[in-house]
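What follows is a short report on a single structure.
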Amino acid sequence: MAKILGVQILGMIFGFFMIYYTFLQHKRKEFTAKEYGFWLAFWAAFLAVTLMPQILDPILSTLSIGRALDFFIIAGFLFLIFVSFYTYTIVRKNQRKLEDVVRKIAIDRKK
């Protein structure tokens, strides 16, 4: 049996907590059934990779990345950059809509 590392224990605790949190969000009707299913599958895959990191060996060898931790660091940075950009675009879109609404209200009040 392989030795479980401290990082794996932290990953397991995090994964189970996120499964529980996802369940709570679904019960509060903040997630649809599809969203709940997606996040449940995502966290289950996260737990599988946490417990059996050798699952990633074919991907790591293809990308010429030596360690799984390096892969997760790179993937994490890419994910954060993507989320930041996506959030920025959503905020800008909402800002433009808000400006249009304020402009229309101001014009209506002026008339």
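In the structure tokens, chains take letters A, B, ... by order of appearance, with residues numbered from 1 within each chain and ligands from 1 in the order shown.
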
Original post:
Excluding same-chain residues fewer than 3 positions from range 33-47 of chain A, what lies within 12 Å of it counting only C-alpha atoms, as number ranges by chain?
Top reply: A: 8-30, 50-53, 55-56, 72

Written selection (C-alpha atoms) as a compact mmCIF listing (two decimals), in the first residue's frame:
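After the write, part37.txt holds the following:
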# COMPACT_ATOMS: atom_id res chain seq x y z
CA GLN A 8 -2.93 14.19 0.02
CA ILE A 9 -4.65 14.34 3.40
CA LEU A 10 -5.19 18.08 2.97
CA GLY A 11 -6.49 17.47 -0.55
CA MET A 12 -8.90 14.83 0.73
CA ILE A 13 -10.20 17.10 3.49
CA PHE A 14 -10.64 19.92 0.96
CA GLY A 15 -12.34 17.61 -1.56
CA PHE A 16 -14.82 16.23 0.98
CA PHE A 17 -15.53 19.72 2.30
CA MET A 18 -16.25 20.95 -1.23
CA ILE A 19 -18.55 17.99 -1.89
CA TYR A 20 -20.44 18.86 1.28
CA TYR A 21 -20.54 22.56 0.36
CA THR A 22 -21.79 21.69 -3.13
CA PHE A 23 -24.50 19.57 -1.54
CA LEU A 24 -25.53 22.49 0.68
CA GLN A 25 -25.69 24.84 -2.32
CA HIS A 26 -27.92 22.34 -4.13
CA LYS A 27 -30.22 21.97 -1.11
CA ARG A 28 -30.52 25.78 -0.87
CA LYS A 29 -31.61 25.74 -4.53
CA GLU A 30 -28.61 27.81 -5.57
CA THR A 50 -5.54 13.28 -4.91
CA LEU A 51 -5.60 9.65 -3.81
CA MET A 52 -4.05 8.20 -6.99
CA PRO A 53 -1.77 10.82 -8.57
CA ILE A 55 -3.53 8.61 -12.96
CA LEU A 56 -1.91 11.76 -14.35
CA PHE A 72 -1.22 21.48 -10.69

Original post:
Among range 28-58 of chain A, which residues carry a DSSP assignment of alpha helix (DSSP H), reported as a PyMOL selection string?
Top reply: chain A and resi 33-51+57-58

Could the residues in this selection be written to a file with C-alpha atoms, as a PDB file, in the first residue's frame?
ATOM      1  CA  ALA A  33     -29.383  19.577 -10.840  1.00  0.00           C
ATOM      2  CA  LYS A  34     -26.963  19.887 -13.787  1.00  0.00           C
ATOM      3  CA  GLU A  35     -24.661  22.238 -11.876  1.00  0.00           C
ATOM      4  CA  TYR A  36     -24.797  19.953  -8.853  1.00  0.00           C
ATOM      5  CA  GLY A  37     -23.935  16.936 -11.007  1.00  0.00           C
ATOM      6  CA  PHE A  38     -21.063  18.756 -12.694  1.00  0.00           C
ATOM      7  CA  TRP A  39     -19.507  19.936  -9.419  1.00  0.00           C
ATOM      8  CA  LEU A  40     -20.035  16.581  -7.753  1.00  0.00           C
ATOM      9  CA  ALA A  41     -18.228  14.859 -10.637  1.00  0.00           C
ATOM     10  CA  PHE A  42     -15.483  17.507 -10.557  1.00  0.00           C
ATOM     11  CA  TRP A  43     -14.851  17.026  -6.824  1.00  0.00           C
ATOM     12  CA  ALA A  44     -14.971  13.247  -7.188  1.00  0.00           C
ATOM     13  CA  ALA A  45     -12.326  13.470  -9.924  1.00  0.00           C
ATOM     14  CA  PHE A  46     -10.310  15.799  -7.671  1.00  0.00           C
ATOM     15  CA  LEU A  47     -10.440  13.202  -4.890  1.00  0.00           C
ATOM     16  CA  ALA A  48      -9.447  10.419  -7.309  1.00  0.00           C
ATOM     17  CA  VAL A  49      -6.414  12.378  -8.503  1.00  0.00           C
ATOM     18  CA  THR A  50      -5.542  13.277  -4.912  1.00  0.00           C
ATOM     19  CA  LEU A  51      -5.596   9.649  -3.810  1.00  0.00           C
ATOM     20  CA  ASP A  57       1.305  10.027 -15.506  1.00  0.00           C
ATOM     21  CA  PRO A  58       0.223   9.723 -19.186  1.00  0.00           C
TER      22      PRO A  58
END

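CA of Gln54 in chain A sits 10.1 Å away from CA of Arg67 in chain A.
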
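Taking CA of Ser61 in chain A and CA of Leu78 in chain A as endpoints, the distance between them is 19.2 Å.
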
**OP:** Mind giving me the straight-line distance from CA of Glu99 in chain A to CA of Val83 in chain A in Å, one decimal?
**Re:** 24.0 Å

Original post:
Quick one: of A:Asp108, A:Arg103, A:Arg96, A:Val7, who's nearest to Leu69 in chain A, counting only C-alpha atoms?
Top reply: A:Val7
